[in-house]
Amino acid sequence: MATTTRIHSRALLRASGGPRYAIALAVDALGTGLLRPFLLLYGVTVLRLSAPVTGTAMTAGVVAGLVCTPAVGRWLDRGARSTVVAASMLVRVLGVALLLATPTGNVWLFATAALFLGIGNQAWPAAHAALVATVAHGRERDAALAGGRALRNAGLGAGALLATACLAGGTTALQALAAVTGLAYLTAAALAWSVHVHADPAAAAVAVKDGGDEPAPRMGALLAANVIYVFCLNVPEIALPLVLVTQMHASPVWSAAIFVANTVLVVTLQVPVTVLMSRFPRRSVLAIAGVVLTASYLGFLAATSLGHGWGAPAVAAVSVVCTLGEIIYAGSATALVTALAPAHVLGRALARFQLSTGFGLAASPAVITALAPHGPAALWGSLAAATLLSASAVAR
């Protein structure tokens with residue numbers, strides 16, 4: 001199997017879609033970082049909606065976005081690439097416009113805005129992966145996907161920090177942040193569309209003729225494992241703050257420091273670690289990610305038993321291992337799907353993968369908050385067992 005142990009920045013940029021597309025990703029991520037962490041706050045403080053109503057509307061938007069992913073997959077399989085990426089951004093422009101037009105107390109218009117934001121957020125990952133898979137191949141494609149994730153995390157972090165600094169302005173600042181987010185999405189959509197990347201219809205026709213109109217490959221074990229793997233993305237945001245603050249009674253500073261460290265490590269290590277692991281088969285790397293995540297969950301279980309004095313620093317130290325597992329997982333999972341799927345059903349395969357990712361992200365907060373009150377063994381032991389079982393399924 002061909003491996004890539006080093007990759008130059010220019011080659012990575014070209015494999016990622018080119019400079020304009022990279023700028024589009026950065027602008028889109030910055031806009032998302034400005035609004036997404038504070039959308040609940042916008043509904044509560046600006047629109048005067050109750051927190052449960054606001055949260056329900058946001059959840060409905062995520063679910064609706066997942067329902068739309070099969071249609072996105074079929075669109076991608078007809079050859080569209082940059083058009084789908086741009087459309088996912090334009091849908092969010094509409095969502096922000098509706099958000100700004102929502103009068104105080106109008107839950108239905110807010111829910112509609114959340115619906116369009118959810119559709120765009122769920123459509124983007126599959127569209128982006130399909131675009132990168134069209135312009136890059138082999139291990140260069142894996143590195144390009146990793147580079148896109150690192151760039152997106154940097155933009156999300158920068159946007160969230162900027163939004164946090166602006167929150168002192170109250171409701172006016174939140175409305176201004178929403179408006180800037182809409183402009184960012186519009187700019188990113190124009191840049192993404194200008195790249196004009198399409199799949200080769202002739203090549204797709206040949207693939208169908210040679211291989212028959214075969215469906216997307218059966219990836220049941222991989223998709224089921226992905227539902228469990230993706231829990232790791234919510235560990236720094238949900239599980240660790242819940243454990244540190246409510247159970248260990250540690251300062252919230254620890255949770256904030258872990259979140260910042262997670263972002264910095266992903267931005268700086270995602271590409272190098274993905275390139276380093278390219279010497280191994282993608283399926284083996286994904287199984288390794290599960291083992292590393294399992295070890296980190298057991299580490300959290302041990303750290304929480306250390307008591308108030310050493311517990312929080314130990315949790316912070318173990319979180320580095322968890323982030324490393326997240327980086328290995330993120331660098332191999334989507335890359336494995338793009339390698340397994342035939343070109344003419346790539347869109348549908350990526351859409352199915354996004355469905356499993358979205359389901360895991362939607363379910364993990366409820367599962368984590370349900371397990372946590374039963375003690376560290378229930379939470380971390382269950383996550384460790386489920387993740388190790390998933391890693392075994394992937395390896396087989």
# chains A, B, ... in the order shown; residues from 1 in each chain; ligands from 1
>>> residues_around(residues="segment 173-187 of chain A", least_positions_apart="4", cutoff="10 Å", atoms="only C-alpha atoms", output="ChimeraX atom specification")
/A:23-36,38-39,41-42,45-46,86,88-97,99-100,159,162-163,165-169,191-192
>>> residues_around(residues="Thr56 of chain A", least_positions_apart="5", cutoff="9 Å", atoms="only C-alpha atoms", output="PyMOL selection string")
chain A and resi 51+61+111
>>> residues_around(residues="segment 276-289 of chain A", least_positions_apart="4", cutoff="12 Å", atoms="only C-alpha atoms", output="MDAnalysis selection string")
chainID A and resid 1:7 138:143 146 221:222 225:226 228:230 232 269:272 293:296 321:340 387:396
>>> write_last_selection(atoms="C-alpha atoms", output="short mmCIF file (atom, residue, chain, number, x, y, z; two decimals), in the first residue's frame")
data_model
loop_
_atom_site.label_atom_id
_atom_site.label_comp_id
_atom_site.auth_asym_id
_atom_site.auth_seq_id
_atom_site.Cartn_x
_atom_site.Cartn_y
_atom_site.Cartn_z
CA MET A 1 0.00 0.00 0.00
CA ALA A 2 1.34 3.41 -0.94
CA THR A 3 2.21 5.65 1.94
CA THR A 4 3.00 9.32 2.39
CA THR A 5 5.47 10.21 5.11
CA ARG A 6 5.79 13.87 4.17
CA ILE A 7 3.77 16.36 2.22
CA GLY A 138 -4.50 8.16 -2.21
CA ARG A 139 -2.70 9.29 0.89
CA GLU A 140 -2.52 12.86 -0.42
CA ARG A 141 -6.31 12.90 -0.14
CA ASP A 142 -6.10 11.72 3.48
CA ALA A 143 -3.72 14.55 4.32
CA ALA A 146 -6.92 16.26 7.71
CA ALA A 221 -20.00 -2.48 11.12
CA LEU A 222 -18.05 0.66 10.23
CA ALA A 225 -18.65 1.73 15.19
CA ASN A 226 -18.58 5.35 14.03
CA ILE A 228 -19.61 5.14 19.23
CA TYR A 229 -16.31 6.63 18.08
CA VAL A 230 -17.86 10.05 17.55
CA CYS A 232 -15.07 11.38 21.71
CA LEU A 269 -1.24 17.83 15.04
CA GLN A 270 -4.09 16.72 12.76
CA VAL A 271 -2.05 16.78 9.54
CA PRO A 272 1.29 15.53 10.95
CA LEU A 293 -9.74 6.30 23.09
CA THR A 294 -10.48 3.26 25.26
CA ALA A 295 -7.22 3.82 27.17
CA SER A 296 -8.13 7.46 27.71
CA VAL A 321 -4.47 11.12 25.25
CA CYS A 322 -8.17 11.42 24.41
CA THR A 323 -7.42 14.23 21.95
CA LEU A 324 -4.74 12.10 20.32
CA GLY A 325 -7.32 9.35 19.85
CA GLU A 326 -9.72 11.89 18.37
CA ILE A 327 -7.04 13.06 15.93
CA ILE A 328 -6.25 9.50 14.79
CA TYR A 329 -9.97 8.74 14.42
CA ALA A 330 -10.74 11.90 12.45
CA GLY A 331 -7.76 11.35 10.16
CA SER A 332 -8.75 7.80 9.23
CA ALA A 333 -12.55 7.45 9.34
CA THR A 334 -13.65 9.64 6.43
CA ALA A 335 -10.53 8.65 4.49
CA LEU A 336 -11.50 4.98 4.89
CA VAL A 337 -15.00 5.65 3.54
CA THR A 338 -13.65 7.49 0.49
CA ALA A 339 -11.25 4.61 -0.16
CA LEU A 340 -13.93 1.91 0.16
CA THR A 387 -15.36 1.84 22.12
CA LEU A 388 -13.17 -1.26 22.48
CA LEU A 389 -15.98 -3.38 21.03
CA SER A 390 -16.26 -0.92 18.13
CA ALA A 391 -12.51 -1.05 17.53
CA SER A 392 -12.69 -4.85 17.42
CA ALA A 393 -15.51 -4.71 14.87
CA VAL A 394 -13.50 -2.29 12.69
CA ALA A 395 -10.40 -4.48 12.89
CA ARG A 396 -12.36 -7.56 11.81
#
>>> select_by_dssp(residues="segment 294-380 of chain A", states="alpha helix (DSSP H)", output="JSON, numbers by chain")
{"A": [294, 295, 296, 297, 298, 299, 300, 301, 302, 303, 307, 308, 309, 310, 311, 312, 313, 314, 315, 316, 317, 318, 319, 320, 321, 322, 323, 324, 325, 326, 327, 328, 329, 330, 331, 332, 333, 334, 335, 336, 337, 338, 339, 340, 346, 347, 348, 349, 350, 351, 352, 353, 354, 355, 356, 357, 358, 359, 360, 361, 362, 363, 364, 365, 366, 367, 368, 369, 370, 371, 376]}
>>> atom_distance(atom1="atom CA of Leu223 of chain A", atom2="atom CA of Phe353 of chain A")
6.2 Å
>>> residues_around(residues="Thr369 of chain A", least_positions_apart="6", cutoff="9 Å", atoms="only C-alpha atoms", output="list in words")
Ile238, Ala239, Leu242 and Leu379 of chain A
>>> residues_around(residues="Pro103 of chain A", least_positions_apart="6", cutoff="12 Å", atoms="only C-alpha atoms", output="JSON, numbers by chain")
{"A": [43, 46, 47, 48, 49, 109, 110]}
>>> write_last_selection(atoms="all heavy atoms", output="tab-separated table (two decimals), in the first residue's frame")
chain	number	residue	atom	x	y	z
A	43	GLY	N	-31.51	32.66	21.14
A	43	GLY	CA	-32.93	32.39	21.31
A	43	GLY	C	-33.46	32.82	22.66
A	43	GLY	O	-34.58	33.34	22.77
A	46	VAL	N	-32.18	37.22	23.07
A	46	VAL	CA	-32.65	38.16	22.06
A	46	VAL	C	-34.13	37.95	21.74
A	46	VAL	O	-34.91	38.91	21.67
A	46	VAL	CB	-31.82	38.03	20.76
A	46	VAL	CG1	-32.35	38.97	19.67
A	46	VAL	CG2	-30.35	38.34	21.05
A	47	LEU	N	-34.53	36.68	21.58
A	47	LEU	CA	-35.91	36.39	21.19
A	47	LEU	C	-36.82	36.10	22.38
A	47	LEU	O	-38.03	35.91	22.19
A	47	LEU	CB	-35.92	35.20	20.23
A	47	LEU	CG	-35.08	35.36	18.96
A	47	LEU	CD1	-35.18	34.12	18.08
A	47	LEU	CD2	-35.51	36.60	18.18
A	48	ARG	N	-36.26	36.03	23.57
A	48	ARG	CA	-37.03	35.82	24.80
A	48	ARG	C	-37.79	34.49	24.79
A	48	ARG	O	-38.90	34.39	25.30
A	48	ARG	CB	-38.02	36.98	25.02
A	48	ARG	CG	-37.40	38.36	25.02
A	48	ARG	CD	-36.40	38.52	26.14
A	48	ARG	NE	-35.81	39.87	26.14
A	48	ARG	CZ	-34.81	40.23	26.94
A	48	ARG	NH1	-34.31	39.35	27.78
A	48	ARG	NH2	-34.33	41.46	26.88
A	49	LEU	N	-37.18	33.48	24.21
A	49	LEU	CA	-37.77	32.15	24.24
A	49	LEU	C	-37.24	31.40	25.46
A	49	LEU	O	-36.15	31.69	25.96
A	49	LEU	CB	-37.42	31.38	22.97
A	49	LEU	CG	-37.86	32.01	21.64
A	49	LEU	CD1	-37.28	31.21	20.48
A	49	LEU	CD2	-39.37	32.08	21.53
A	109	LEU	N	-40.64	30.81	13.64
A	109	LEU	CA	-39.66	31.37	12.72
A	109	LEU	C	-38.24	31.02	13.17
A	109	LEU	O	-37.36	30.75	12.35
A	109	LEU	CB	-39.84	32.89	12.61
A	109	LEU	CG	-39.26	33.55	11.36
A	109	LEU	CD1	-39.76	32.87	10.10
A	109	LEU	CD2	-39.59	35.03	11.32
A	110	PHE	N	-38.02	31.02	14.50
A	110	PHE	CA	-36.71	30.60	15.02
A	110	PHE	C	-36.45	29.13	14.67
A	110	PHE	O	-35.34	28.77	14.28
A	110	PHE	CB	-36.66	30.79	16.53
A	110	PHE	CG	-35.39	30.26	17.16
A	110	PHE	CD1	-34.21	30.98	17.09
A	110	PHE	CD2	-35.37	29.03	17.80
A	110	PHE	CE1	-33.03	30.49	17.64
A	110	PHE	CE2	-34.20	28.53	18.36
A	110	PHE	CZ	-33.04	29.26	18.28
>>> closest_residue(among="A:Ala113, A:Val275, A:Ala386, A:Leu233", to="Thr54 of chain A", atoms="only C-alpha atoms")
A:Ala113
>>> residues_around(residues="Ala57 of chain A", least_positions_apart="2", cutoff="9 Å", atoms="only C-alpha atoms", output="number ranges by chain")
A: 52-55, 59-62, 107-108, 110-112, 114-115
>>> closest_residue(among="A:Val85, A:Leu240, A:Ala127, A:Ala363", to="Leu301 of chain A", atoms="only C-alpha atoms")
A:Leu240
>>> closest_residue(among="A:Leu151, A:Ala199, A:Ala224, A:Ala314", to="Leu355 of chain A", atoms="only C-alpha atoms")
A:Ala224
>>> atom_distance(atom1="atom CA of Gln122 of chain A", atom2="atom CA of Thr357 of chain A")
9.5 Å
